[in-house]
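Enquirer: Sharing coords-v6.txt, compact mmCIF, C-alpha atoms:
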# COMPACT_ATOMS: atom_id res chain seq x y z
CA MET U 1 -3.07 4.97 -29.03
CA ARG U 2 -2.45 7.76 -26.54
CA LYS U 3 -2.18 6.28 -23.06
CA LYS U 4 -2.14 9.51 -21.10
CA ILE U 5 -5.57 10.84 -20.20
CA GLY U 6 -5.83 14.31 -18.72
CA ARG U 7 -3.13 15.64 -16.44
CA GLN U 8 -1.91 12.65 -14.43
CA THR U 9 -3.81 9.51 -15.45
CA TYR U 10 -2.83 6.69 -17.80
CA LYS U 11 -4.74 3.79 -19.32
CA PHE U 12 -3.10 0.41 -19.84
CA GLU U 13 -3.74 -1.32 -23.15
CA LYS U 14 -2.65 -4.82 -22.13
CA ARG U 15 -4.68 -7.14 -19.91
CA ILE U 16 -2.49 -6.72 -16.82
CA CYS U 17 -3.78 -9.08 -14.17
CA ILE U 18 -3.05 -9.84 -10.56
CA ARG U 19 -2.27 -13.54 -10.74
CA ASP U 20 -2.13 -14.07 -6.99
CA THR U 21 -1.32 -12.37 -3.70
CA ARG U 22 0.11 -13.27 -0.31
CA SER U 23 -0.08 -11.54 3.07
CA ILE U 24 1.66 -12.02 6.40
CA ALA U 25 0.70 -10.17 9.58
CA GLY U 26 2.08 -9.71 13.07
CA PRO U 27 0.69 -10.32 16.57
CA ILE U 28 -1.47 -7.20 16.99
CA GLU U 29 -2.74 -7.31 13.39
CA SER U 30 -3.75 -10.97 13.80
CA GLN U 31 -5.98 -9.95 16.71
CA GLY U 32 -7.84 -7.44 14.53
CA PRO U 33 -10.95 -7.75 12.35
CA LEU U 34 -9.05 -9.07 9.28
CA LYS U 35 -7.38 -12.01 11.03
CA SER U 36 -9.32 -14.60 9.02
CA TYR U 37 -8.16 -13.04 5.72
CA PHE U 38 -4.39 -13.05 6.31
CA HIS U 39 -2.58 -15.95 4.67
CA GLU U 40 -0.14 -16.23 7.56
CA THR U 41 0.24 -14.71 11.01
CA PHE U 42 2.92 -14.91 13.69
CA GLU U 43 3.03 -14.30 17.44
CA ASP U 44 6.75 -13.65 17.91
CA ASP U 45 7.42 -10.24 16.42
CA LEU U 46 11.13 -11.07 16.38
CA LEU U 47 10.45 -14.10 14.17
CA GLY U 48 13.30 -15.89 15.92
CA GLN U 49 15.81 -13.19 14.98
CA ASP U 50 17.99 -11.10 17.29
CA SER U 51 16.68 -7.73 16.08
CA PHE U 52 13.40 -6.30 14.77
CA GLU U 53 15.12 -5.15 11.58
CA LYS U 54 16.23 -8.71 10.83
CA ALA U 55 12.70 -9.89 11.62
CA GLU U 56 11.24 -7.44 9.08
CA HIS U 57 13.61 -8.77 6.42
CA GLN U 58 12.66 -12.38 7.18
CA MET U 59 8.96 -11.51 7.10
CA CYS U 60 9.24 -9.89 3.68
CA LEU U 61 11.34 -12.71 2.22
CA LYS U 62 9.19 -15.47 3.68
CA ASN U 63 6.03 -13.93 2.25
CA ILE U 64 7.42 -13.71 -1.29
CA LEU U 65 8.81 -17.25 -1.22
CA SER U 66 5.45 -18.55 0.00
CA LEU U 67 3.72 -16.72 -2.86
CA LEU U 68 6.06 -18.22 -5.45
CA GLU U 69 5.70 -21.70 -3.99
CA ALA U 70 1.90 -21.49 -3.99
CA ASN U 71 2.01 -20.65 -7.71
CA GLN U 72 4.65 -23.27 -8.56
CA LEU U 73 7.07 -20.57 -9.71
CA ASN U 74 10.82 -20.28 -9.25
CA GLU U 75 12.78 -17.06 -8.90
CA THR U 76 13.95 -17.51 -12.51
CA ASP U 77 10.30 -17.29 -13.67
CA ILE U 78 10.12 -13.67 -12.44
CA ASP U 79 11.44 -10.89 -14.68
CA ILE U 80 11.67 -8.23 -11.98
CA TYR U 81 11.09 -7.71 -8.28
CA ILE U 82 9.85 -4.23 -7.31
CA GLY U 83 9.37 -3.18 -3.72
CA GLY U 84 10.17 -0.92 -0.82
CA ASP U 85 9.87 -0.31 2.91
CA LEU U 86 10.32 2.46 5.49
CA LEU U 87 13.84 1.86 6.78
CA ASN U 88 16.97 3.79 5.79
CA GLN U 89 18.02 2.99 2.21
CA ILE U 90 15.04 0.57 2.05
CA ILE U 91 17.33 -2.02 3.61
CA THR U 92 14.56 -4.58 4.24
CA THR U 93 13.76 -4.79 0.53
CA ASN U 94 17.42 -4.60 -0.51
CA LEU U 95 18.27 -7.62 1.64
CA THR U 96 15.21 -9.46 0.31
CA ALA U 97 16.32 -8.75 -3.28
CA ARG U 98 19.80 -10.00 -2.40
CA ASP U 99 18.33 -13.31 -1.25
CA LEU U 100 15.92 -13.68 -4.17
CA LYS U 101 18.53 -12.93 -6.85
CA ILE U 102 15.84 -11.50 -9.13
CA PRO U 103 16.44 -8.29 -11.16
CA TYR U 104 15.30 -5.55 -8.83
CA TRP U 105 13.94 -2.02 -8.59
CA GLY U 106 13.85 -0.57 -5.09
CA LEU U 107 11.32 2.21 -4.51
CA TYR U 108 10.67 4.65 -1.71
CA ASN U 109 7.48 6.66 -1.45
CA ALA U 110 6.85 5.88 2.22
CA CYS U 111 3.43 4.31 2.76
CA SER U 112 2.38 4.89 -0.86
CA THR U 113 5.14 2.59 -2.15
CA PHE U 114 2.80 -0.36 -2.68
CA VAL U 115 0.73 1.39 -5.35
CA GLU U 116 3.84 3.00 -6.81
CA ALA U 117 5.24 -0.52 -7.23
CA ILE U 118 2.03 -1.68 -8.93
CA GLN U 119 2.30 1.30 -11.29
CA ALA U 120 5.94 0.60 -12.13
CA ALA U 121 5.27 -3.08 -12.82
CA ALA U 122 2.18 -2.29 -14.90
CA VAL U 123 4.14 0.18 -17.06
CA LEU U 124 6.78 -2.47 -17.78
CA LEU U 125 4.12 -5.06 -18.57
CA ASP U 126 2.10 -2.72 -20.77
CA GLY U 127 5.22 -1.77 -22.70
CA ASP U 128 6.12 -5.43 -23.38
CA PHE U 129 9.37 -5.07 -21.45
CA ILE U 130 8.53 -7.96 -19.12
CA ASN U 131 6.03 -10.80 -18.79
CA ARG U 132 5.83 -11.24 -15.03
CA ALA U 133 6.68 -9.18 -11.93
CA VAL U 134 6.58 -9.67 -8.20
CA ILE U 135 5.99 -6.64 -5.99
CA SER U 136 5.96 -6.27 -2.24
CA THR U 137 6.16 -3.79 0.61
CA ALA U 138 6.75 -4.36 4.30
CA SER U 139 6.83 -2.54 7.61
CA HIS U 140 7.32 -3.39 11.27
CA PHE U 141 6.02 -1.43 14.26
CA SER U 142 9.21 -1.72 16.29
CA THR U 143 11.61 -0.77 13.48
CA ALA U 144 9.54 2.25 12.44
CA GLU U 145 9.22 3.49 16.02
CA ARG U 146 12.96 3.27 16.51
CA GLN U 147 13.72 5.15 13.28
CA TYR U 148 11.01 7.80 13.12
CA ARG U 149 9.98 8.39 16.73
CA PHE U 150 11.52 6.95 19.91
CA PRO U 151 12.96 3.58 20.99
CA LEU U 152 10.32 1.39 22.60
CA GLU U 153 12.38 1.17 25.77
CA LEU U 154 11.55 4.81 26.54
CA GLY U 155 7.88 3.97 26.93
CA THR U 156 6.86 7.19 25.19
CA GLN U 157 3.10 7.75 25.12
CA SER U 158 1.56 8.47 21.73
CA PRO U 159 -1.12 11.15 21.27
CA PRO U 160 -4.60 10.17 19.99
CA SER U 161 -3.79 11.48 16.49
CA ALA U 162 -0.88 9.04 16.09
CA GLN U 163 -1.09 5.75 14.19
CA ARG U 164 0.44 2.33 14.78
CA THR U 165 2.79 1.11 12.09
CA VAL U 166 1.50 -2.20 10.74
CA THR U 167 3.75 -5.21 11.24
CA GLY U 168 3.08 -7.01 8.00
CA SER U 169 3.91 -7.51 4.36
CA GLY U 170 1.89 -7.93 1.19
CA ALA U 171 3.14 -9.36 -2.10
CA MET U 172 1.57 -9.95 -5.51
CA ILE U 173 2.36 -11.42 -8.90
CA LEU U 174 1.45 -9.28 -11.92
CA GLU U 175 1.26 -10.71 -15.43
CA LYS U 176 -0.08 -9.64 -18.83
CA SER U 177 -2.48 -11.11 -21.38
CA CYS U 178 -4.52 -12.93 -18.75
CA LEU U 179 -8.02 -14.18 -19.35
CA GLU U 180 -9.19 -13.70 -15.77
CA GLY U 181 -8.83 -10.68 -13.47
CA PRO U 182 -8.70 -8.70 -11.41
CA PHE U 183 -6.94 -6.36 -13.81
CA VAL U 184 -4.98 -3.16 -13.30
CA THR U 185 -6.54 -0.85 -15.89
CA HIS U 186 -5.56 2.75 -15.01
CA MET U 187 -3.09 4.63 -12.84
CA THR U 188 -2.95 8.18 -11.56
CA ILE U 189 0.48 9.40 -10.51
CA GLY U 190 0.35 11.68 -7.48
CA LYS U 191 1.96 15.05 -6.82
CA VAL U 192 3.82 15.99 -3.65
CA MET U 193 1.54 18.16 -1.51
CA ASP U 194 2.19 20.29 1.57
CA PHE U 195 -0.62 20.75 4.11
CA GLU U 196 1.71 22.81 6.32
CA GLN U 197 1.71 20.05 8.90
CA SER U 198 4.96 19.13 10.66
CA ASP U 199 3.86 16.81 13.47
CA PRO U 200 5.06 13.21 12.87
CA ASN U 201 2.41 12.06 15.34
CA ASP U 202 -0.37 13.35 13.07
CA MET U 203 0.47 12.07 9.61
CA GLY U 204 -3.14 11.31 8.70
CA SER U 205 -4.07 14.97 8.48
CA ALA U 206 -0.85 15.71 6.56
CA MET U 207 -1.59 13.01 3.95
CA ALA U 208 -5.30 13.75 3.55
CA ILE U 209 -4.82 16.64 1.14
CA ALA U 210 -2.67 14.45 -1.13
CA ALA U 211 -5.38 11.76 -1.15
CA CYS U 212 -8.04 14.35 -2.01
CA ASP U 213 -5.97 15.80 -4.84
CA THR U 214 -5.30 12.41 -6.43
CA ILE U 215 -8.91 11.25 -6.11
CA MET U 216 -10.26 14.47 -7.64
CA THR U 217 -7.66 14.41 -10.42
CA HIS U 218 -8.38 10.76 -11.26
CA LEU U 219 -12.11 11.33 -11.55
CA GLU U 220 -11.65 14.52 -13.58
CA ASP U 221 -9.05 13.03 -15.94
CA LEU U 222 -11.27 10.05 -16.77
CA ASP U 223 -14.53 12.02 -16.64
CA VAL U 224 -16.06 9.46 -14.27
CA SER U 225 -17.95 9.72 -11.00
CA VAL U 226 -17.63 8.19 -7.55
CA GLU U 227 -20.58 5.94 -8.44
CA ASP U 228 -18.48 4.23 -11.14
CA TYR U 229 -16.53 2.51 -8.35
CA ASP U 230 -17.68 0.00 -5.79
CA LEU U 231 -15.15 1.46 -3.36
CA ILE U 232 -12.50 4.13 -3.09
CA VAL U 233 -9.82 2.81 -0.73
CA THR U 234 -7.09 4.93 0.83
CA GLY U 235 -3.93 3.38 2.19
CA ASP U 236 -3.35 4.55 5.74
CA LEU U 237 -4.99 7.84 6.67
CA GLY U 238 -6.42 6.50 9.91
CA GLU U 239 -9.49 7.99 11.53
CA VAL U 240 -8.20 11.58 11.51
CA GLY U 241 -7.14 11.61 7.86
CA TYR U 242 -10.20 9.61 6.81
CA ASN U 243 -12.56 12.22 8.24
CA ILE U 244 -10.60 15.13 6.77
CA THR U 245 -10.64 13.48 3.32
CA LYS U 246 -14.34 12.72 3.48
CA ASP U 247 -15.26 16.24 4.63
CA PHE U 248 -12.95 18.02 2.21
CA LEU U 249 -14.27 16.10 -0.80
CA ARG U 250 -17.84 16.74 0.30
CA LYS U 251 -17.13 20.48 0.25
CA LYS U 252 -15.81 20.01 -3.30
CA GLY U 253 -19.08 18.35 -4.32
CA LEU U 254 -17.91 14.73 -4.05
CA ASN U 255 -19.79 12.56 -1.56
CA ILE U 256 -17.70 9.42 -1.17
CA GLU U 257 -18.88 8.46 2.32
CA ASN U 258 -20.88 5.37 1.30
CA ARG U 259 -18.11 4.12 -1.02
CA TYR U 260 -15.02 4.94 1.03
CA LYS U 261 -12.77 2.74 3.16
CA ASP U 262 -9.28 3.21 4.62
CA CYS U 263 -6.88 0.32 5.11
CA GLY U 264 -5.53 1.89 8.28
CA MET U 265 -9.00 1.77 9.83
CA LEU U 266 -9.76 -1.76 8.63
CA VAL U 267 -6.62 -3.54 9.83
CA TYR U 268 -7.29 -2.84 13.52
CA ASP U 269 -10.28 -2.58 15.82
CA ILE U 270 -9.61 1.05 16.69
CA ILE U 271 -12.15 0.98 19.52
CA ASN U 272 -10.93 -2.11 21.36
CA GLN U 273 -7.25 -2.21 20.37
CA ASP U 274 -4.69 0.32 21.63
CA VAL U 275 -3.77 1.65 18.18
CA MET U 276 -4.67 5.34 18.51
CA CYS U 277 -6.50 6.31 15.29
CA GLY U 278 -5.52 3.28 13.17
CA GLY U 279 -2.73 1.74 11.15
CA SER U 280 -0.02 3.12 8.91
CA GLY U 281 3.20 1.97 7.28
CA ALA U 282 4.42 0.66 3.95
CA GLY U 283 2.92 -2.71 4.88
CA CYS U 284 -0.52 -1.32 5.71
CA SER U 285 -2.15 -1.02 2.27
CA SER U 286 -0.25 -4.03 0.91
CA THR U 287 -1.21 -6.35 3.78
CA VAL U 288 -4.87 -5.28 3.66
CA PHE U 289 -5.20 -5.36 -0.14
CA THR U 290 -3.46 -8.70 -0.67
CA SER U 291 -5.66 -10.33 1.96
CA TYR U 292 -9.04 -8.64 2.32
CA PHE U 293 -9.65 -6.68 -0.88
CA TYR U 294 -8.13 -9.24 -3.24
CA ASN U 295 -10.43 -11.84 -1.69
CA LYS U 296 -13.45 -9.60 -2.25
CA LEU U 297 -12.48 -8.98 -5.89
CA LYS U 298 -11.85 -12.67 -6.65
CA ASN U 299 -15.22 -13.61 -5.14
CA LYS U 300 -16.94 -10.83 -7.14
CA GLU U 301 -18.17 -9.16 -3.97
CA LEU U 302 -16.36 -6.13 -5.37
CA ASN U 303 -15.83 -5.57 -9.09
CA LYS U 304 -14.08 -2.22 -9.33
CA ILE U 305 -12.06 -0.27 -6.78
CA LEU U 306 -9.79 2.75 -6.80
CA LEU U 307 -6.83 2.00 -4.55
CA VAL U 308 -5.16 5.21 -3.36
CA ALA U 309 -2.02 4.62 -1.29
CA THR U 310 -0.88 7.63 0.73
CA GLY U 311 2.64 8.47 1.85
CA ALA U 312 4.16 10.93 4.31
CA LEU U 313 7.61 11.66 2.88
CA LEU U 314 9.28 12.77 6.10
CA SER U 315 12.58 11.67 7.58
CA PRO U 316 14.15 11.99 11.03
CA VAL U 317 16.34 14.78 9.62
CA SER U 318 13.44 16.76 8.14
CA THR U 319 11.48 16.36 11.37
CA GLY U 320 14.45 17.57 13.43
CA GLN U 321 14.79 20.59 11.16
CA LYS U 322 11.08 21.46 11.65
CA GLU U 323 10.21 20.94 7.98
CA ASN U 324 6.61 20.44 6.96
CA ILE U 325 5.73 16.87 5.98
CA PRO U 326 5.58 16.52 2.16
CA CYS U 327 2.95 13.96 1.19
CA ILE U 328 1.86 12.06 -1.91
CA ALA U 329 -0.88 9.68 -3.03
CA HIS U 330 -0.77 7.30 -6.00
CA ALA U 331 -3.85 5.53 -7.39
CA VAL U 332 -4.64 2.48 -9.50
CA THR U 333 -7.96 1.22 -10.80
CA ILE U 334 -8.38 -2.50 -10.17
CA GLU U 335 -11.40 -4.21 -11.71
CA ASN U 336 -12.67 -7.61 -12.75
CA SER U 337 -13.50 -6.67 -16.35
CA LYS U 338 -11.13 -5.35 -18.99
Would it be possible to restate this file's structure as structure tokens?
Expert:
Amino acid sequence: MRKKIGRQTYKFEKRICIRDTRSIAGPIESQGPLKSYFHETFEDDLLGQDSFEKAEHQMCLKNILSLLEANQLNETDIDIYIGGDLLNQIITTNLTARDLKIPYWGLYNACSTFVEAIQAAAVLLDGDFINRAVISTASHFSTAERQYRFPLELGTQSPPSAQRTVTGSGAMILEKSCLEGPFVTHMTIGKVMDFEQSDPNDMGSAMAIAACDTIMTHLEDLDVSVEDYDLIVTGDLGEVGYNITKDFLRKKGLNIENRYKDCGMLVYDIINQDVMCGGSGAGCSSTVFTSYFYNKLKNKELNKILLVATGALLSPVSTGQKENIPCIAHAVTIENSK
């Protein structure tokens, strides 16, 4: 059976299910509208460590260990750990893999890494290479600010178009041949897009065109409509990117407004919290999906969603050299029936 459909979309033959998820969120996130959905929250964003980078590592590791414990699994029950983060050489995830001692693939696609990890695990499961995978992504406001913008000690003011990097981590267990969903049924692999935007304080508008391209390609490849999904969910476009995506797709004849949510707008109260136009970060889509959306799917409040994680593939070097921000968006269909 041919698994590739159209230009960039693939259908999985096996019943690849999300066995369980786990989320952990930081102080500002736990004051937002999703606080009751997070599995664990913390008030000390250092988590008892002597640096924010060490805190991010502990947050990621703690979340995965809690997930395994809740499912009565040991590290030896997992065939592969797949994950990534925003720091140089994905050091948070590398250190987590060191501690877990599970075979490991480290990925970097910026804030789209969570869905890329789901895709990689699903391919291995569908090809009968493995039976069970754990995936995770993580980010921390203070580590991302230090690497991509300015140290917090400078007190630099962010413009309204900027986004706050989510301090949080989401993890999930993926298995095959399950009787109960939700299931990962399709994936659409994104292309790197250039919206000729170079401002690291306005990544939402840079990523929007990548989200639009992947959404349109997914629907065209499968010959389906927006109405076939309960929701289309982008990863971290924030208010600016959300509005650009919605308006651009409308001009292309796709009205997604009543079926469209963005994790970056859900994780914070953008009116009453000082978060500019919303959340971003490798931990944004993972923290929101593994808490809020997974809950909605398990309770059958949602039955089919298209999760489209967006990533701005910039670096401090590319920003310093005035390069445009290359962006990408990967998508997976997650549904309760298979």
Enquirer: I want to know what sits within 10 Å of Ala171 of chain U, based on only C-alpha atoms, with residues of the same chain fewer than 5 positions away left out; could you give that as a ChimeraX atom specification?
Expert: /U:20-24,60-61,63-68,82-83,114,134-138,283,286-287,289-291
Enquirer: With C-alpha atoms retained, could you export that selection as a PDB file, in the frame of the given file?
Expert:
ATOM      1  CA  ASP U  20      -2.130 -14.070  -6.990  1.00  0.00           C
ATOM      2  CA  THR U  21      -1.320 -12.370  -3.700  1.00  0.00           C
ATOM      3  CA  ARG U  22       0.110 -13.270  -0.310  1.00  0.00           C
ATOM      4  CA  SER U  23      -0.080 -11.540   3.070  1.00  0.00           C
ATOM      5  CA  ILE U  24       1.660 -12.020   6.400  1.00  0.00           C
ATOM      6  CA  CYS U  60       9.240  -9.890   3.680  1.00  0.00           C
ATOM      7  CA  LEU U  61      11.340 -12.710   2.220  1.00  0.00           C
ATOM      8  CA  ASN U  63       6.030 -13.930   2.250  1.00  0.00           C
ATOM      9  CA  ILE U  64       7.420 -13.710  -1.290  1.00  0.00           C
ATOM     10  CA  LEU U  65       8.810 -17.250  -1.220  1.00  0.00           C
ATOM     11  CA  SER U  66       5.450 -18.550   0.000  1.00  0.00           C
ATOM     12  CA  LEU U  67       3.720 -16.720  -2.860  1.00  0.00           C
ATOM     13  CA  LEU U  68       6.060 -18.220  -5.450  1.00  0.00           C
ATOM     14  CA  ILE U  82       9.850  -4.230  -7.310  1.00  0.00           C
ATOM     15  CA  GLY U  83       9.370  -3.180  -3.720  1.00  0.00           C
ATOM     16  CA  PHE U 114       2.800  -0.360  -2.680  1.00  0.00           C
ATOM     17  CA  VAL U 134       6.580  -9.670  -8.200  1.00  0.00           C
ATOM     18  CA  ILE U 135       5.990  -6.640  -5.990  1.00  0.00           C
ATOM     19  CA  SER U 136       5.960  -6.270  -2.240  1.00  0.00           C
ATOM     20  CA  THR U 137       6.160  -3.790   0.610  1.00  0.00           C
ATOM     21  CA  ALA U 138       6.750  -4.360   4.300  1.00  0.00           C
ATOM     22  CA  GLY U 283       2.920  -2.710   4.880  1.00  0.00           C
ATOM     23  CA  SER U 286      -0.250  -4.030   0.910  1.00  0.00           C
ATOM     24  CA  THR U 287      -1.210  -6.350   3.780  1.00  0.00           C
ATOM     25  CA  PHE U 289      -5.200  -5.360  -0.140  1.00  0.00           C
ATOM     26  CA  THR U 290      -3.460  -8.700  -0.670  1.00  0.00           C
ATOM     27  CA  SER U 291      -5.660 -10.330   1.960  1.00  0.00           C
TER      28      SER U 291
END
Enquirer: Segment 143-148 of chain U: which residues within 12 Å, counting all atoms listed in the file, same-chain residues fewer than 4 positions away excluded, as a ChimeraX atom specification?
Expert: /U:45-46,51-57,85-88,90-92,110-111,138-139,152-158,162-168,199-201,203,280-283,312-320
Enquirer: For segment 237-244 of chain U, work out the shell of residues within 12 Å, counting only C-alpha atoms and skipping chain neighbours fewer than 6 positions away, then give it as a PDB file with C-alpha atoms, in the frame of the given file.
Expert:
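result-v9.pdb written:
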ATOM      1  CA  CYS U 111       3.430   4.310   2.760  1.00  0.00           C
ATOM      2  CA  SER U 112       2.380   4.890  -0.860  1.00  0.00           C
ATOM      3  CA  PRO U 160      -4.600  10.170  19.990  1.00  0.00           C
ATOM      4  CA  SER U 161      -3.790  11.480  16.490  1.00  0.00           C
ATOM      5  CA  ALA U 162      -0.880   9.040  16.090  1.00  0.00           C
ATOM      6  CA  GLN U 163      -1.090   5.750  14.190  1.00  0.00           C
ATOM      7  CA  ARG U 164       0.440   2.330  14.780  1.00  0.00           C
ATOM      8  CA  THR U 165       2.790   1.110  12.090  1.00  0.00           C
ATOM      9  CA  VAL U 166       1.500  -2.200  10.740  1.00  0.00           C
ATOM     10  CA  PHE U 195      -0.620  20.750   4.110  1.00  0.00           C
ATOM     11  CA  ASN U 201       2.410  12.060  15.340  1.00  0.00           C
ATOM     12  CA  ASP U 202      -0.370  13.350  13.070  1.00  0.00           C
ATOM     13  CA  MET U 203       0.470  12.070   9.610  1.00  0.00           C
ATOM     14  CA  GLY U 204      -3.140  11.310   8.700  1.00  0.00           C
ATOM     15  CA  SER U 205      -4.070  14.970   8.480  1.00  0.00           C
ATOM     16  CA  ALA U 206      -0.850  15.710   6.560  1.00  0.00           C
ATOM     17  CA  MET U 207      -1.590  13.010   3.950  1.00  0.00           C
ATOM     18  CA  ALA U 208      -5.300  13.750   3.550  1.00  0.00           C
ATOM     19  CA  ILE U 209      -4.820  16.640   1.140  1.00  0.00           C
ATOM     20  CA  ALA U 210      -2.670  14.450  -1.130  1.00  0.00           C
ATOM     21  CA  ALA U 211      -5.380  11.760  -1.150  1.00  0.00           C
ATOM     22  CA  CYS U 212      -8.040  14.350  -2.010  1.00  0.00           C
ATOM     23  CA  ARG U 250     -17.840  16.740   0.300  1.00  0.00           C
ATOM     24  CA  LYS U 251     -17.130  20.480   0.250  1.00  0.00           C
ATOM     25  CA  ILE U 256     -17.700   9.420  -1.170  1.00  0.00           C
ATOM     26  CA  GLU U 257     -18.880   8.460   2.320  1.00  0.00           C
ATOM     27  CA  TYR U 260     -15.020   4.940   1.030  1.00  0.00           C
ATOM     28  CA  LYS U 261     -12.770   2.740   3.160  1.00  0.00           C
ATOM     29  CA  ASP U 262      -9.280   3.210   4.620  1.00  0.00           C
ATOM     30  CA  CYS U 263      -6.880   0.320   5.110  1.00  0.00           C
ATOM     31  CA  GLY U 264      -5.530   1.890   8.280  1.00  0.00           C
ATOM     32  CA  MET U 265      -9.000   1.770   9.830  1.00  0.00           C
ATOM     33  CA  LEU U 266      -9.760  -1.760   8.630  1.00  0.00           C
ATOM     34  CA  VAL U 267      -6.620  -3.540   9.830  1.00  0.00           C
ATOM     35  CA  TYR U 268      -7.290  -2.840  13.520  1.00  0.00           C
ATOM     36  CA  ASP U 269     -10.280  -2.580  15.820  1.00  0.00           C
ATOM     37  CA  ILE U 270      -9.610   1.050  16.690  1.00  0.00           C
ATOM     38  CA  ILE U 271     -12.150   0.980  19.520  1.00  0.00           C
ATOM     39  CA  VAL U 275      -3.770   1.650  18.180  1.00  0.00           C
ATOM     40  CA  MET U 276      -4.670   5.340  18.510  1.00  0.00           C
ATOM     41  CA  CYS U 277      -6.500   6.310  15.290  1.00  0.00           C
ATOM     42  CA  GLY U 278      -5.520   3.280  13.170  1.00  0.00           C
ATOM     43  CA  GLY U 279      -2.730   1.740  11.150  1.00  0.00           C
ATOM     44  CA  SER U 280      -0.020   3.120   8.910  1.00  0.00           C
ATOM     45  CA  GLY U 281       3.200   1.970   7.280  1.00  0.00           C
ATOM     46  CA  CYS U 284      -0.520  -1.320   5.710  1.00  0.00           C
ATOM     47  CA  SER U 285      -2.150  -1.020   2.270  1.00  0.00           C
ATOM     48  CA  VAL U 308      -5.160   5.210  -3.360  1.00  0.00           C
ATOM     49  CA  ALA U 309      -2.020   4.620  -1.290  1.00  0.00           C
ATOM     50  CA  THR U 310      -0.880   7.630   0.730  1.00  0.00           C
ATOM     51  CA  GLY U 311       2.640   8.470   1.850  1.00  0.00           C
ATOM     52  CA  ALA U 312       4.160  10.930   4.310  1.00  0.00           C
ATOM     53  CA  CYS U 327       2.950  13.960   1.190  1.00  0.00           C
ATOM     54  CA  ILE U 328       1.860  12.060  -1.910  1.00  0.00           C
ATOM     55  CA  ALA U 329      -0.880   9.680  -3.030  1.00  0.00           C
TER      56      ALA U 329
END
Enquirer: Could you jot down the atom CA of Arg98 of chain U to atom CA of Ile80 of chain U separation for me, Å, one decimal place?
Expert: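 Value for the atom CA of Arg98 of chain U-atom CA of Ile80 of chain U distance: 12.7 Å.
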Enquirer: I'd like the interatomic distance between atom CA of Thr76 of chain U and atom CA of Leu95 of chain U, to a tenth of an Å.
Expert: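 Answer for the atom CA of Thr76 of chain U to atom CA of Leu95 of chain U separation: 17.8 Å.
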Enquirer: Find the residues near Cys17 of chain U: any atom within 7 Å, counting all atoms listed in the file, skip ones fewer than 3 places away on the same chain, and give them as an NGL selection string.
Expert: :U and (174-176 or 178 or 181-184)
Enquirer: Which of these residues is nearest to Lys298 of chain U, using all atoms listed in the file: U:Glu69, U:Asp77, U:Glu335, U:Asp274?
Expert: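 Distance minimum relative to Lys298 of chain U lands on U:Glu335.
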Enquirer: Using all atoms listed in the file, give me every residue within 12 Å of (12.2, -3.6, -11.5) in file coordinates, as JSON, numbers by chain.
Expert: {"U": [78, 79, 80, 81, 82, 83, 84, 97, 102, 103, 104, 105, 106, 107, 116, 117, 118, 119, 120, 121, 122, 123, 124, 125, 129, 130, 131, 132, 133, 134, 135, 136]}
Enquirer: What is the distance between atom CA of Phe12 of chain U and atom CA of His186 of chain U, in Å to one decimal?
Expert: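 Taking atom CA of Phe12 of chain U and atom CA of His186 of chain U, their separation equals 5.9 Å.
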Enquirer: Can you tell me which residues surround Tyr292 of chain U at a distance of at most 8 Å, considering all atoms listed in the file, apart from same-chain residues fewer than 2 positions away, and format the answer as a PDB file with C-alpha atoms, in the coordinates of the input?
Expert:
ATOM      1  CA  LEU U  34      -9.050  -9.070   9.280  1.00  0.00           C
ATOM      2  CA  TYR U  37      -8.160 -13.040   5.720  1.00  0.00           C
ATOM      3  CA  PHE U  38      -4.390 -13.050   6.310  1.00  0.00           C
ATOM      4  CA  VAL U 288      -4.870  -5.280   3.660  1.00  0.00           C
ATOM      5  CA  PHE U 289      -5.200  -5.360  -0.140  1.00  0.00           C
ATOM      6  CA  THR U 290      -3.460  -8.700  -0.670  1.00  0.00           C
ATOM      7  CA  TYR U 294      -8.130  -9.240  -3.240  1.00  0.00           C
ATOM      8  CA  ASN U 295     -10.430 -11.840  -1.690  1.00  0.00           C
ATOM      9  CA  LYS U 296     -13.450  -9.600  -2.250  1.00  0.00           C
TER      10      LYS U 296
END
